[in-house]
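**Q** Sharing coords21.txt here; it has compact mmCIF, C-alpha atoms.
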```
# COMPACT_ATOMS: atom_id res chain seq x y z
CA MET A 16 97.99 113.04 86.21
CA ALA A 17 98.03 109.52 84.77
CA ALA A 18 94.24 109.37 84.60
CA ILE A 19 93.85 112.83 83.07
CA ARG A 20 96.60 112.37 80.48
CA ALA A 21 95.27 108.94 79.51
CA ALA A 22 91.78 110.39 79.07
CA GLN A 23 93.18 113.25 76.98
CA LEU A 24 94.84 110.68 74.74
CA GLY A 25 91.59 108.83 74.09
CA PHE A 26 91.49 106.07 76.71
CA SER A 27 88.41 105.13 78.70
CA VAL A 28 89.62 105.61 82.26
CA ALA A 29 88.37 104.49 85.67
CA LEU A 30 90.01 105.78 88.84
CA VAL A 31 89.78 103.93 92.16
CA GLU A 32 90.45 105.99 95.29
CA ARG A 33 90.42 104.51 98.78
CA TYR A 34 89.77 107.79 100.57
CA PRO A 35 86.77 110.14 100.31
CA THR A 36 88.71 112.89 98.50
CA LEU A 37 90.99 112.78 95.48
CA GLY A 38 94.52 114.11 95.30
CA GLY A 39 96.33 111.60 97.49
CA THR A 40 98.88 112.49 100.13
CA CYS A 41 100.12 115.60 98.33
CA LEU A 42 96.83 117.47 98.17
CA ASN A 43 95.27 116.21 101.39
CA VAL A 44 97.97 115.63 104.01
CA GLY A 45 101.26 116.52 102.33
CA CYS A 46 102.49 119.16 99.90
CA ILE A 47 99.50 121.51 99.81
CA PRO A 48 98.52 121.74 103.50
CA SER A 49 102.15 121.86 104.63
CA LYS A 50 102.94 124.70 102.22
CA ALA A 51 99.85 126.58 103.40
CA LEU A 52 101.11 126.36 106.99
CA LEU A 53 104.66 127.20 105.93
CA ASP A 54 103.48 130.35 104.16
CA SER A 55 101.18 131.43 106.99
CA SER A 56 103.77 130.83 109.68
CA GLU A 57 106.41 132.68 107.66
CA LYS A 58 104.14 135.72 107.37
CA TYR A 59 103.56 135.67 111.13
CA TYR A 60 107.28 135.33 111.83
CA ASP A 61 108.13 138.16 109.41
CA ALA A 62 105.58 140.45 111.01
CA ARG A 63 106.99 139.66 114.43
CA LYS A 64 110.68 139.83 113.56
CA HIS A 65 111.33 141.71 110.33
CA PHE A 66 108.54 144.14 109.42
CA ALA A 67 110.01 146.89 111.61
CA GLU A 68 113.21 146.79 109.55
CA HIS A 69 111.10 147.75 106.53
CA GLY A 70 109.50 150.62 108.40
CA ILE A 71 106.27 148.73 109.08
CA GLU A 72 105.07 149.02 112.67
CA VAL A 73 102.39 146.43 113.40
CA GLY A 74 101.80 147.15 117.07
CA SER A 75 100.24 144.30 119.04
CA LEU A 76 100.48 141.02 117.16
CA THR A 77 98.43 137.95 117.98
CA LEU A 78 98.35 134.45 116.54
CA SER A 79 95.14 132.57 115.82
CA TRP A 80 96.17 128.97 115.31
CA GLU A 81 92.58 127.99 114.59
CA LYS A 82 92.29 130.54 111.76
CA MET A 83 95.65 129.45 110.37
CA LYS A 84 94.47 125.85 110.27
CA ALA A 85 91.14 126.91 108.79
CA ARG A 86 92.92 128.71 105.96
CA LYS A 87 95.02 125.60 105.34
CA ASP A 88 91.89 123.46 105.19
CA ALA A 89 90.24 125.89 102.78
CA VAL A 90 93.24 125.72 100.46
CA VAL A 91 93.04 121.92 100.52
CA ARG A 92 89.30 121.92 99.79
CA GLN A 93 89.72 124.31 96.88
CA THR A 94 92.55 122.26 95.41
CA VAL A 95 90.72 118.95 95.82
CA SER A 96 87.57 120.39 94.24
CA GLY A 97 89.70 121.36 91.27
CA VAL A 98 90.69 117.72 90.84
CA ASP A 99 87.04 116.68 91.03
CA TYR A 100 86.28 119.15 88.26
CA LEU A 101 89.08 117.73 86.10
CA MET A 102 87.71 114.21 86.54
CA LYS A 103 84.31 115.31 85.29
CA LYS A 104 85.77 117.43 82.49
CA ASN A 105 87.77 114.46 81.19
CA LYS A 106 84.92 111.96 81.69
CA ILE A 107 86.88 109.81 84.12
CA ALA A 108 84.79 107.36 86.14
CA VAL A 109 85.72 107.68 89.83
CA TYR A 110 85.04 104.89 92.33
CA HIS A 111 85.67 105.45 96.04
CA GLY A 112 86.67 102.41 98.06
CA HIS A 113 89.63 100.13 98.60
CA GLY A 114 90.67 98.45 95.36
CA ARG A 115 92.29 95.02 95.25
CA PHE A 116 93.28 92.66 92.49
CA VAL A 117 91.02 89.75 91.65
CA SER A 118 93.08 88.77 88.61
CA ALA A 119 95.66 90.38 86.38
CA ASN A 120 92.92 92.36 84.63
CA GLU A 121 90.29 92.80 87.32
CA ILE A 122 90.03 95.16 90.29
CA GLN A 123 87.37 94.70 92.96
CA VAL A 124 86.33 97.92 94.67
CA ASP A 125 85.16 97.18 98.21
CA GLY A 126 81.53 98.18 98.37
CA GLY A 127 81.54 98.82 94.64
CA PRO A 128 81.89 97.18 91.25
CA ARG A 129 84.45 94.82 89.79
CA LEU A 130 86.37 96.67 87.08
CA TYR A 131 88.14 95.23 84.06
CA GLY A 132 91.20 96.99 82.68
CA GLU A 133 93.15 96.30 79.52
CA HIS A 134 95.89 98.31 81.17
CA ILE A 135 96.22 98.92 84.93
CA ILE A 136 98.36 101.53 86.68
CA ILE A 137 99.20 101.09 90.36
CA ALA A 138 99.59 104.54 91.94
CA THR A 139 98.73 103.95 95.59
CA GLY A 140 101.42 106.23 97.01
CA SER A 141 103.02 105.92 100.43
CA LYS A 142 102.41 106.40 104.13
CA PRO A 143 104.62 107.45 107.06
CA THR A 144 107.20 104.92 108.17
CA PRO A 145 106.79 103.81 111.80
CA LEU A 146 109.74 103.56 114.16
CA PRO A 147 110.19 100.49 116.39
CA GLY A 148 109.75 101.34 120.05
CA ILE A 149 107.96 104.62 119.32
CA PRO A 150 104.21 103.88 119.35
CA ILE A 151 102.15 106.39 117.37
CA ASP A 152 99.07 107.45 119.37
CA LYS A 153 98.24 110.38 117.02
CA LYS A 154 97.94 112.69 120.02
CA ARG A 155 101.28 113.10 121.75
CA ILE A 156 103.34 110.99 119.34
CA VAL A 157 102.31 111.90 115.82
CA THR A 158 103.21 111.50 112.16
CA SER A 159 103.35 114.24 109.55
CA THR A 160 99.62 113.74 108.93
CA GLU A 161 98.58 114.66 112.48
CA ALA A 162 101.27 117.37 112.68
CA LEU A 163 99.29 119.39 110.13
CA SER A 164 96.29 119.67 112.45
CA LEU A 165 97.49 119.65 116.05
CA PRO A 166 94.89 121.03 118.48
CA GLU A 167 97.38 123.61 119.74
CA VAL A 168 100.84 124.93 119.03
CA PRO A 169 102.90 122.71 121.33
CA PRO A 170 105.25 124.52 123.71
CA SER A 171 107.90 121.93 122.90
CA MET A 172 108.36 119.36 120.18
CA VAL A 173 110.95 116.68 119.49
CA ILE A 174 111.18 115.75 115.82
CA ILE A 175 112.71 112.37 115.03
CA GLY A 176 114.24 112.73 111.59
CA GLY A 177 116.14 115.58 109.98
CA GLY A 178 114.89 115.02 106.45
CA VAL A 179 112.63 117.26 104.40
CA ILE A 180 109.43 116.60 106.38
CA GLY A 181 111.11 117.07 109.74
CA ILE A 182 112.83 120.29 108.69
CA GLU A 183 109.66 121.78 107.22
CA MET A 184 107.62 121.00 110.33
CA ALA A 185 110.41 122.40 112.49
CA SER A 186 110.07 125.63 110.52
CA VAL A 187 106.30 125.83 110.96
CA TYR A 188 106.24 125.25 114.70
CA GLY A 189 109.55 126.99 115.42
CA ARG A 190 108.16 130.18 113.88
CA LEU A 191 105.03 129.89 116.00
CA GLY A 192 106.98 129.62 119.25
CA SER A 193 107.57 125.91 119.88
CA GLN A 194 110.92 124.88 121.28
CA ILE A 195 112.13 122.38 118.69
CA THR A 196 114.70 119.61 119.08
CA ILE A 197 115.61 117.50 116.05
CA VAL A 198 117.01 114.01 116.61
CA GLU A 199 118.74 112.62 113.52
CA PHE A 200 120.46 109.26 113.17
CA LEU A 201 122.98 110.56 110.62
CA ASP A 202 125.64 113.17 111.28
CA ARG A 203 123.86 115.76 109.12
CA ILE A 204 120.40 116.96 108.19
CA LEU A 205 118.80 116.78 104.74
CA PRO A 206 120.68 113.76 103.38
CA GLY A 207 120.55 113.63 99.60
CA LEU A 208 120.90 117.38 99.25
CA ASP A 209 124.00 119.53 98.92
CA LYS A 210 126.10 119.36 102.11
CA GLU A 211 126.89 123.06 102.19
CA ALA A 212 123.24 123.96 101.72
CA ALA A 213 122.23 121.54 104.49
CA ALA A 214 124.81 123.06 106.85
CA GLU A 215 123.53 126.54 106.02
CA MET A 216 119.98 125.41 106.73
CA GLN A 217 121.00 124.03 110.10
CA LYS A 218 122.57 127.38 111.00
CA ALA A 219 119.44 129.22 109.86
CA LEU A 220 117.09 127.06 111.93
CA SER A 221 119.29 127.47 115.00
CA ALA A 222 119.67 131.22 114.59
CA ASP A 223 116.08 132.05 113.63
CA TYR A 224 113.97 129.68 115.72
CA GLY A 225 116.39 128.32 118.31
CA VAL A 226 116.14 124.76 116.96
CA GLN A 227 118.46 122.35 118.75
CA PHE A 228 120.06 119.45 116.89
CA LEU A 229 121.09 116.08 118.24
CA LEU A 230 122.87 114.44 115.32
CA GLY A 231 124.10 110.86 115.37
CA TYR A 232 121.38 109.70 117.77
CA ALA A 233 118.84 106.89 117.49
CA ALA A 234 115.43 107.03 119.16
CA GLU A 235 114.86 103.84 121.16
CA GLY A 236 111.68 104.23 123.16
CA ALA A 237 108.99 106.59 124.35
CA GLU A 238 106.63 106.87 127.30
CA VAL A 239 103.55 109.05 127.15
CA GLY A 240 102.44 110.79 130.31
CA PRO A 241 99.82 113.40 131.21
CA GLU A 242 102.23 116.27 130.53
CA GLY A 243 103.97 114.96 127.44
CA VAL A 244 106.44 112.38 126.19
CA ASN A 245 109.71 111.08 127.58
CA LEU A 246 111.82 109.98 124.64
CA THR A 247 114.87 107.75 125.05
CA ILE A 248 117.71 108.30 122.60
CA ARG A 249 121.18 106.77 122.33
CA PRO A 250 124.29 107.72 120.33
CA ARG A 251 124.39 105.56 117.21
CA THR A 252 128.04 104.72 117.95
CA GLY A 253 127.08 103.36 121.36
CA GLY A 254 127.12 104.88 124.81
CA GLU A 255 124.71 105.86 127.52
CA PRO A 256 121.14 106.73 126.61
CA LYS A 257 119.58 110.06 127.46
CA THR A 258 116.00 111.17 127.94
CA LEU A 259 114.28 114.08 126.22
CA SER A 260 110.99 115.45 127.44
CA ALA A 261 108.57 117.27 125.17
CA HIS A 262 104.89 118.09 124.84
CA THR A 263 104.75 116.41 121.40
CA VAL A 264 106.95 114.03 119.45
CA LEU A 265 106.82 113.96 115.65
CA VAL A 266 108.09 110.81 113.94
CA ALA A 267 109.39 111.88 110.53
CA VAL A 268 111.79 109.14 109.47
CA GLY A 269 110.49 108.74 105.94
CA ARG A 270 107.67 107.07 104.05
CA ARG A 271 107.04 103.54 102.82
CA PRO A 272 105.11 102.33 99.76
CA TYR A 273 101.42 101.69 100.27
CA THR A 274 101.11 98.23 98.76
CA GLU A 275 99.47 96.33 101.61
CA GLY A 276 96.02 94.93 100.95
CA LEU A 277 96.23 95.21 97.17
CA GLU A 278 96.43 91.40 96.87
CA LEU A 279 99.14 91.77 94.28
CA GLU A 280 99.76 88.04 94.25
CA LYS A 281 96.43 87.48 92.49
CA ALA A 282 97.79 89.51 89.58
CA GLY A 283 101.13 87.66 89.60
CA LEU A 284 103.01 90.51 91.31
CA SER A 285 105.24 90.79 94.35
CA THR A 286 107.25 93.47 96.15
CA ASP A 287 110.89 93.85 97.09
CA GLU A 288 112.30 93.97 100.62
CA ARG A 289 111.18 97.61 100.99
CA GLY A 290 107.64 97.01 99.80
CA ARG A 291 108.23 98.51 96.36
CA ILE A 292 106.93 97.01 93.13
CA PRO A 293 109.77 96.22 90.70
CA VAL A 294 109.38 97.80 87.25
CA ASN A 295 111.46 98.04 84.07
CA ASP A 296 112.53 101.20 82.24
CA HIS A 297 109.02 101.50 80.81
CA LEU A 298 107.51 101.29 84.33
CA GLN A 299 106.02 97.90 83.50
CA THR A 300 105.74 95.37 86.29
CA ALA A 301 106.38 91.64 85.91
CA VAL A 302 102.96 91.53 84.23
CA PRO A 303 103.48 93.71 81.12
CA HIS A 304 100.04 95.32 80.99
CA ILE A 305 100.27 96.39 84.66
CA TYR A 306 102.31 99.49 85.40
CA ALA A 307 103.40 101.04 88.69
CA ILE A 308 104.32 104.66 89.32
CA GLY A 309 105.20 107.16 92.03
CA ASP A 310 106.00 106.18 95.59
CA VAL A 311 105.35 102.45 95.08
CA ILE A 312 108.43 102.09 92.85
CA GLN A 313 112.09 102.99 93.10
CA GLY A 314 113.06 106.63 92.84
CA PRO A 315 112.49 109.82 94.80
CA MET A 316 109.22 109.98 96.71
CA LEU A 317 108.11 113.31 95.26
CA ALA A 318 104.72 114.36 93.94
CA HIS A 319 106.17 115.86 90.77
CA LYS A 320 108.16 112.71 90.11
CA ALA A 321 104.98 110.66 90.42
CA SER A 322 103.22 113.01 88.02
CA GLU A 323 105.99 112.58 85.48
CA ASP A 324 105.72 108.81 85.89
CA GLY A 325 101.99 108.95 85.22
CA VAL A 326 102.30 111.07 82.10
CA PHE A 327 105.10 108.81 80.88
CA VAL A 328 102.93 105.69 81.14
CA ALA A 329 99.86 107.29 79.57
CA GLU A 330 101.85 108.60 76.62
CA SER A 331 103.70 105.30 76.20
CA LEU A 332 100.38 103.45 76.00
CA ALA A 333 99.24 105.92 73.36
CA GLY A 334 102.25 105.09 71.19
CA ARG A 335 104.22 108.21 71.93
CA LYS A 336 107.92 108.23 72.83
CA PRO A 337 108.25 110.08 76.16
CA HIS A 338 111.37 109.85 78.28
CA LEU A 339 112.16 109.83 81.98
CA ASP A 340 115.34 110.86 83.75
CA TYR A 341 115.12 111.01 87.53
CA ARG A 342 118.39 112.94 87.58
CA LEU A 343 116.34 115.87 86.24
CA VAL A 344 113.80 115.76 89.07
CA PRO A 345 114.51 118.62 91.50
CA SER A 346 114.24 118.25 95.26
CA VAL A 347 112.95 121.21 97.23
CA VAL A 348 112.67 122.02 100.93
CA TYR A 349 110.02 124.72 101.38
CA THR A 350 111.52 126.34 104.46
CA TRP A 351 112.76 129.92 104.45
CA PRO A 352 115.35 130.15 103.09
CA GLU A 353 114.30 127.46 100.64
CA VAL A 354 116.65 124.70 99.52
CA ALA A 355 116.54 123.25 96.01
CA SER A 356 118.74 120.73 94.27
CA VAL A 357 118.93 119.05 90.87
CA GLY A 358 121.52 116.91 89.15
CA TYR A 359 124.68 115.52 90.70
CA LEU A 360 125.98 116.21 94.17
CA GLU A 361 129.68 116.85 94.62
CA GLU A 362 130.12 113.67 96.67
CA GLU A 363 128.48 111.62 93.90
CA LEU A 364 130.92 112.96 91.33
CA GLU A 365 133.82 112.29 93.68
CA LYS A 366 132.73 108.65 94.04
CA LEU A 367 132.48 108.39 90.26
CA GLY A 368 135.94 109.88 89.86
CA ARG A 369 134.55 112.47 87.46
CA PRO A 370 136.47 115.77 87.48
CA TYR A 371 134.23 118.78 88.02
CA ARG A 372 134.29 122.50 88.69
CA VAL A 373 132.15 124.50 91.08
CA GLY A 374 130.97 128.07 90.82
CA LYS A 375 129.21 129.63 93.79
CA PHE A 376 127.61 133.03 94.14
CA PRO A 377 126.35 134.30 97.52
CA TYR A 378 122.97 135.97 97.81
CA ARG A 379 124.58 138.74 99.86
CA ALA A 380 126.25 139.94 96.64
CA SER A 381 122.88 140.17 94.85
CA GLY A 382 121.24 143.58 94.66
CA ARG A 383 117.77 142.00 94.57
CA ALA A 384 118.54 139.94 97.66
CA ARG A 385 119.77 142.99 99.55
CA ALA A 386 116.69 145.00 98.55
CA ALA A 387 114.45 142.18 99.78
CA HIS A 388 116.49 141.70 102.97
CA GLU A 389 117.14 138.11 101.89
CA VAL A 390 120.93 137.88 101.87
CA ARG A 391 121.24 134.39 103.34
CA GLY A 392 122.19 131.63 100.90
CA PHE A 393 123.94 130.94 97.62
CA VAL A 394 123.64 129.45 94.16
CA LYS A 395 126.05 126.65 93.31
CA VAL A 396 126.65 125.45 89.75
CA ILE A 397 128.62 122.27 89.02
CA SER A 398 130.06 121.55 85.58
CA ASP A 399 132.30 118.95 83.97
CA ALA A 400 135.94 120.01 84.30
CA LYS A 401 136.73 119.02 80.73
CA THR A 402 133.61 119.79 78.70
CA ASP A 403 131.90 122.44 80.87
CA GLN A 404 128.66 120.39 80.63
CA LEU A 405 126.22 121.33 83.38
CA LEU A 406 126.09 118.53 85.96
CA GLY A 407 124.14 120.00 88.83
CA MET A 408 122.72 123.07 90.53
CA HIS A 409 122.09 123.60 94.22
CA VAL A 410 120.45 126.64 95.77
CA ILE A 411 119.70 127.82 99.27
CA GLY A 412 117.99 131.16 99.60
CA ALA A 413 114.87 133.10 98.80
CA ARG A 414 112.82 131.65 95.91
CA ALA A 415 115.19 128.69 95.49
CA ALA A 416 112.22 126.54 94.42
CA ASP A 417 111.71 128.84 91.43
CA VAL A 418 115.38 129.58 90.72
CA ILE A 419 116.14 125.86 90.37
CA ALA A 420 113.89 125.66 87.28
CA VAL A 421 116.68 127.19 85.18
CA GLY A 422 118.99 124.39 86.28
CA VAL A 423 116.37 121.75 85.43
CA ALA A 424 116.00 123.18 81.92
CA GLY A 425 119.76 123.44 81.48
CA LEU A 426 120.30 119.81 82.46
CA ALA A 427 117.41 118.61 80.32
CA TYR A 428 118.76 120.26 77.19
CA GLY A 429 122.45 119.55 77.69
CA ALA A 430 123.55 123.09 78.49
CA SER A 431 127.05 124.04 79.54
CA ALA A 432 127.82 126.32 82.47
CA GLU A 433 128.74 128.96 79.92
CA ASP A 434 125.29 128.61 78.34
CA LEU A 435 123.72 129.55 81.67
CA PHE A 436 126.03 132.56 81.97
CA ARG A 437 124.94 133.71 78.50
CA LEU A 438 121.23 133.72 79.44
CA PRO A 439 119.90 137.34 79.49
CA LEU A 440 118.17 136.99 82.86
CA ALA A 441 116.30 140.00 84.20
CA HIS A 442 117.89 142.42 86.64
CA PRO A 443 117.37 142.70 89.53
CA THR A 444 116.19 139.16 90.27
CA PHE A 445 117.21 136.27 92.46
CA SER A 446 117.66 134.11 89.36
CA GLU A 447 120.45 136.26 87.92
CA SER A 448 122.71 134.82 90.62
CA ILE A 449 122.73 131.73 88.38
CA LYS A 450 124.70 133.67 85.75
CA GLU A 451 127.37 134.55 88.29
CA ALA A 452 127.67 131.02 89.68
CA ALA A 453 127.74 129.60 86.15
CA LEU A 454 130.57 131.93 85.14
CA GLY A 455 132.42 130.81 88.25
CA ALA A 456 132.06 127.17 87.22
CA SER A 457 132.99 127.88 83.59
CA GLU A 458 135.86 130.33 84.00
CA GLY A 459 136.61 130.38 87.72
CA GLN A 460 135.45 133.86 88.66
CA PRO A 461 132.04 135.54 88.90
CA ILE A 462 131.80 139.21 87.91
CA HIS A 463 130.31 140.74 91.03
CA ILE A 464 132.47 139.24 93.75
```
Please express the file's structure as structure tokens.
**A**
Amino acid sequence: MAAIRAAQLGFSVALVERYPTLGGTCLNVGCIPSKALLDSSEKYYDARKHFAEHGIEVGSLTLSWEKMKARKDAVVRQTVSGVDYLMKKNKIAVYHGHGRFVSANEIQVDGGPRLYGEHIIIATGSKPTPLPGIPIDKKRIVTSTEALSLPEVPPSMVIIGGGVIGIEMASVYGRLGSQITIVEFLDRILPGLDKEAAAEMQKALSADYGVQFLLGYAAEGAEVGPEGVNLTIRPRTGGEPKTLSAHTVLVAVGRRPYTEGLELEKAGLSTDERGRIPVNDHLQTAVPHIYAIGDVIQGPMLAHKASEDGVFVAESLAGRKPHLDYRLVPSVVYTWPEVASVGYLEEELEKLGRPYRVGKFPYRASGRARAAHEVRGFVKVISDAKTDQLLGMHVIGARAADVIAVGVAGLAYGASAEDLFRLPLAHPTFSESIKEAALGASEGQPIHI
């Protein structure tokens, strides 16, 4: 995004990419392949569990894991080729190889040229965070990268980490028949998202796929044997350890900035204790003509956040006046039901001592949700208790990733909860539940419950 927008605005742009294909984690081993598997596995699960309720008899149903992976790979190839096309269309020079600083204005591409840049943007992304005592062998103990291409659907899987990546992979393999156990250090899953939505998601995973949860546990060690992995876990509050056995263990405890090997010191740069590059409000580093964006700086590690960062820098360099507000960046979990969140959480407002009101509308009261047999979930709208200003929206349910867009727009343009209620949203849709929740936040009572 940064390269394309800069080229559109008249800059001569060179892009250095360490790996053979463009698109970074998102397109190659993150967002796109994981969503392809999520969609395929959901279709399989629906055919197996829910089609009969719609009067659709499918008879004998078989799963081809190899074809499912092949479709995922085809989606990735098509998406990556689209990026290649955009590079050519915008006359961006692409150099493949590891790039490292030679000076504050020069980048040496290993096996390639030395490039000079009047402005330089560091956008090297992130990689999975390792866990002490849990050695990754990429066969039995894997990261999210290997989890997208396992040679078989494992009969059992322990997932260390109950965040977005862990929950999405639990959905994929749980639908396909794996017995899933999630080990989470905290006392809840999906930290950073609405607590009620996270609790609802936990119930859904347990009910639909039989996922077991061990909350408040730390993983301490692992031994790989011919039949699988023996994982040692211990309660975080202390106590006796216990051993879990599984065919595969997925380590999904987060990601860390990819800043190693850039030789930042030669440009006069350094990182903080978490490997991030400090930047100011304009995303400038300590060296003003060098910028850093995305996962290598503070803020949510989300592809769309990184894209916004890139556009912001390109437009700033062109003399425009863009703005960034990470409070407007939605978070989405692409399970089914989906979870989406934007703005303030209730616990954040409580810590701030800011009075607020909540309106909540259940999907079960939505005609569209009943027609689609998607009655699990709710829309929650949070507004200021005094001014009715929209402060946040949180959704769990069908199409939550799309429904949340109304909340993003409302927050961006300073809407009130009443403003959302006044929107003439189409009927019947999932999004019209926003109107009901907004009326609940504004006046205390939705119409249809």
**Q** Can you tell me, as JSON, numbers by chain, what residues are no more than 12 Å from Ile71 in chain A when counting all atoms listed in the file, ignoring any on the same chain fewer than 6 positions away?
**A** {"A": [61, 62, 63, 64, 65]}
**Q** When distances are computed from all atoms listed in the file, which of A:Ala386, A:Gly429, A:Ala415, A:Ala441 shows the smallest separation from Glu68 in chain A?
**A**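 Using all atoms listed in the file, the shortest distance to Glu68 in chain A belongs to A:Ala386.
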**Q** Write out as a VMD selection string the residues lying within 12 Å of Ser398 in chain A, counting only C-alpha atoms and excluding same-chain residues fewer than 2 positions away.
**A** chain A and resid 358 to 361 364 369 to 375 395 to 396 400 to 409 422 425 to 426 429 to 435 452 to 459
**Q** Counting only C-alpha atoms, I want the residues whose atoms come within 12 Å of (90.9, 96.3, 81.0) in the file frame, returned as a ChimeraX atom specification.
**A** /A:26-29,118-122,129-136,304-305
**Q** Give me the residues near Val44 in chain A as an NGL selection string, where near means some atom within 8 Å (using all atoms listed in the file) and where sequence neighbours in that chain fewer than 3 positions away do not count.
**A** :A and (39-41 or 47-49 or 159-160 or 163)
**Q** Which one is closest to Gly412 in chain A: A:Ser56, A:Gln123, A:Thr350, A:Asn295? Count all atoms listed in the file.
**A**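 Closest residue, counting all atoms listed in the file: A:Thr350.
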**Q** Determine, counting all atoms listed in the file, every residue of protein, DNA or RNA that lies within 9 Å of (95.7, 109.3, 79.1) in the file coordinates, then give the result as a list in words.
**A**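 The distance filter leaves exactly Met16, Ala17, Ala18, Ile19, Arg20, Ala21, Ala22, Gln23, Leu24, Gly25, Phe26, Ser27, Val28, Gly325, Val326, Val328, Ala329, Glu330, Leu332 and Ala333 of chain A.
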**Q** Using the selection just defined, write its residues with C-alpha atoms as a compact mmCIF listing (two decimals), in the coordinates of the input.
**A**
```txt
# COMPACT_ATOMS: atom_id res chain seq x y z
CA MET A 16 97.99 113.04 86.21
CA ALA A 17 98.03 109.52 84.77
CA ALA A 18 94.24 109.37 84.60
CA ILE A 19 93.85 112.83 83.07
CA ARG A 20 96.60 112.37 80.48
CA ALA A 21 95.27 108.94 79.51
CA ALA A 22 91.78 110.39 79.07
CA GLN A 23 93.18 113.25 76.98
CA LEU A 24 94.84 110.68 74.74
CA GLY A 25 91.59 108.83 74.09
CA PHE A 26 91.49 106.07 76.71
CA SER A 27 88.41 105.13 78.70
CA VAL A 28 89.62 105.61 82.26
CA GLY A 325 101.99 108.95 85.22
CA VAL A 326 102.30 111.07 82.10
CA VAL A 328 102.93 105.69 81.14
CA ALA A 329 99.86 107.29 79.57
CA GLU A 330 101.85 108.60 76.62
CA LEU A 332 100.38 103.45 76.00
CA ALA A 333 99.24 105.92 73.36
```
**Q** Could you tell me which of A:Ile156, A:Ala185, A:Leu220, A:Leu317 comes closest to Asn245 in chain A if we count all atoms listed in the file?
**A**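 Of A:Ile156, A:Ala185, A:Leu220, A:Leu317, the one nearest Asn245 in chain A is A:Ile156, counting all atoms listed in the file.
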**Q** Figure out the distance between CA of Tyr59 in chain A and CA of Glu72 in chain A, please, to one decimal in Å.
**A**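 Here the two named atoms are 13.5 Å from each other.
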**Q** Taking into account all atoms listed in the file, which residue in the set A:Ala237, A:Lys103, A:Arg203, A:Ala416 is nearest to Gly148 in chain A?
**A**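 Answer, going by the shortest atom-to-atom distance: A:Ala237.
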**Q** In Å to one decimal, how far is CA of Tyr110 in chain A from CA of Pro303 in chain A?
**A**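 Between CA of Pro303 in chain A and CA of Tyr110 in chain A the gap works out to 24.3 Å.
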**Q** So the first atom is CA of Pro145 in chain A and the second is CA of Gly45 in chain A; what is the distance between them in Å, to one decimal place?
**A** 16.8 Å
**Q** Nearest residue to Ala138 in chain A out of A:Leu205, A:Val198, A:Val31, A:Val410, using only C-alpha atoms?
**A**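 Closest to Ala138 in chain A of all the choices is A:Val31.
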**Q** When you count only C-alpha atoms, which of these residues is closest to Ile180 in chain A: A:Val423, A:Val311, A:Met316, A:Ala413?
**A**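 The closest residue to Ile180 in chain A is A:Met316.
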**Q** Work out where the centre of an axis-aligned box around every listed atom of range 276-293 of chain A lies and how long its edges are once 8 Å is added on each side; give both in Å to one decimal as lines of an AutoDock Vina configuration file.
**A**
```
center_x = 104.2
center_y = 93.0
center_z = 95.3
size_x = 32.3
size_y = 27.0
size_z = 27.4
```
**Q** Pick out the residues sitting within 8 Å of Pro345 in chain A, and hand them over as a list in words; count only C-alpha atoms, and ignore anything fewer than 3 positions along from it in its own chain.
**A** Arg342, Ala355, Ser356, Val357, Gly358, Ile419 and Val423 of chain A
**Q** Please provide the set of residues having any atom within 8 Å of Val187 in chain A, restricted to all atoms listed in the file, with same-chain residues fewer than 6 positions apart removed, written as a VMD selection string.
**A** chain A and resid 52 to 53 56 to 57
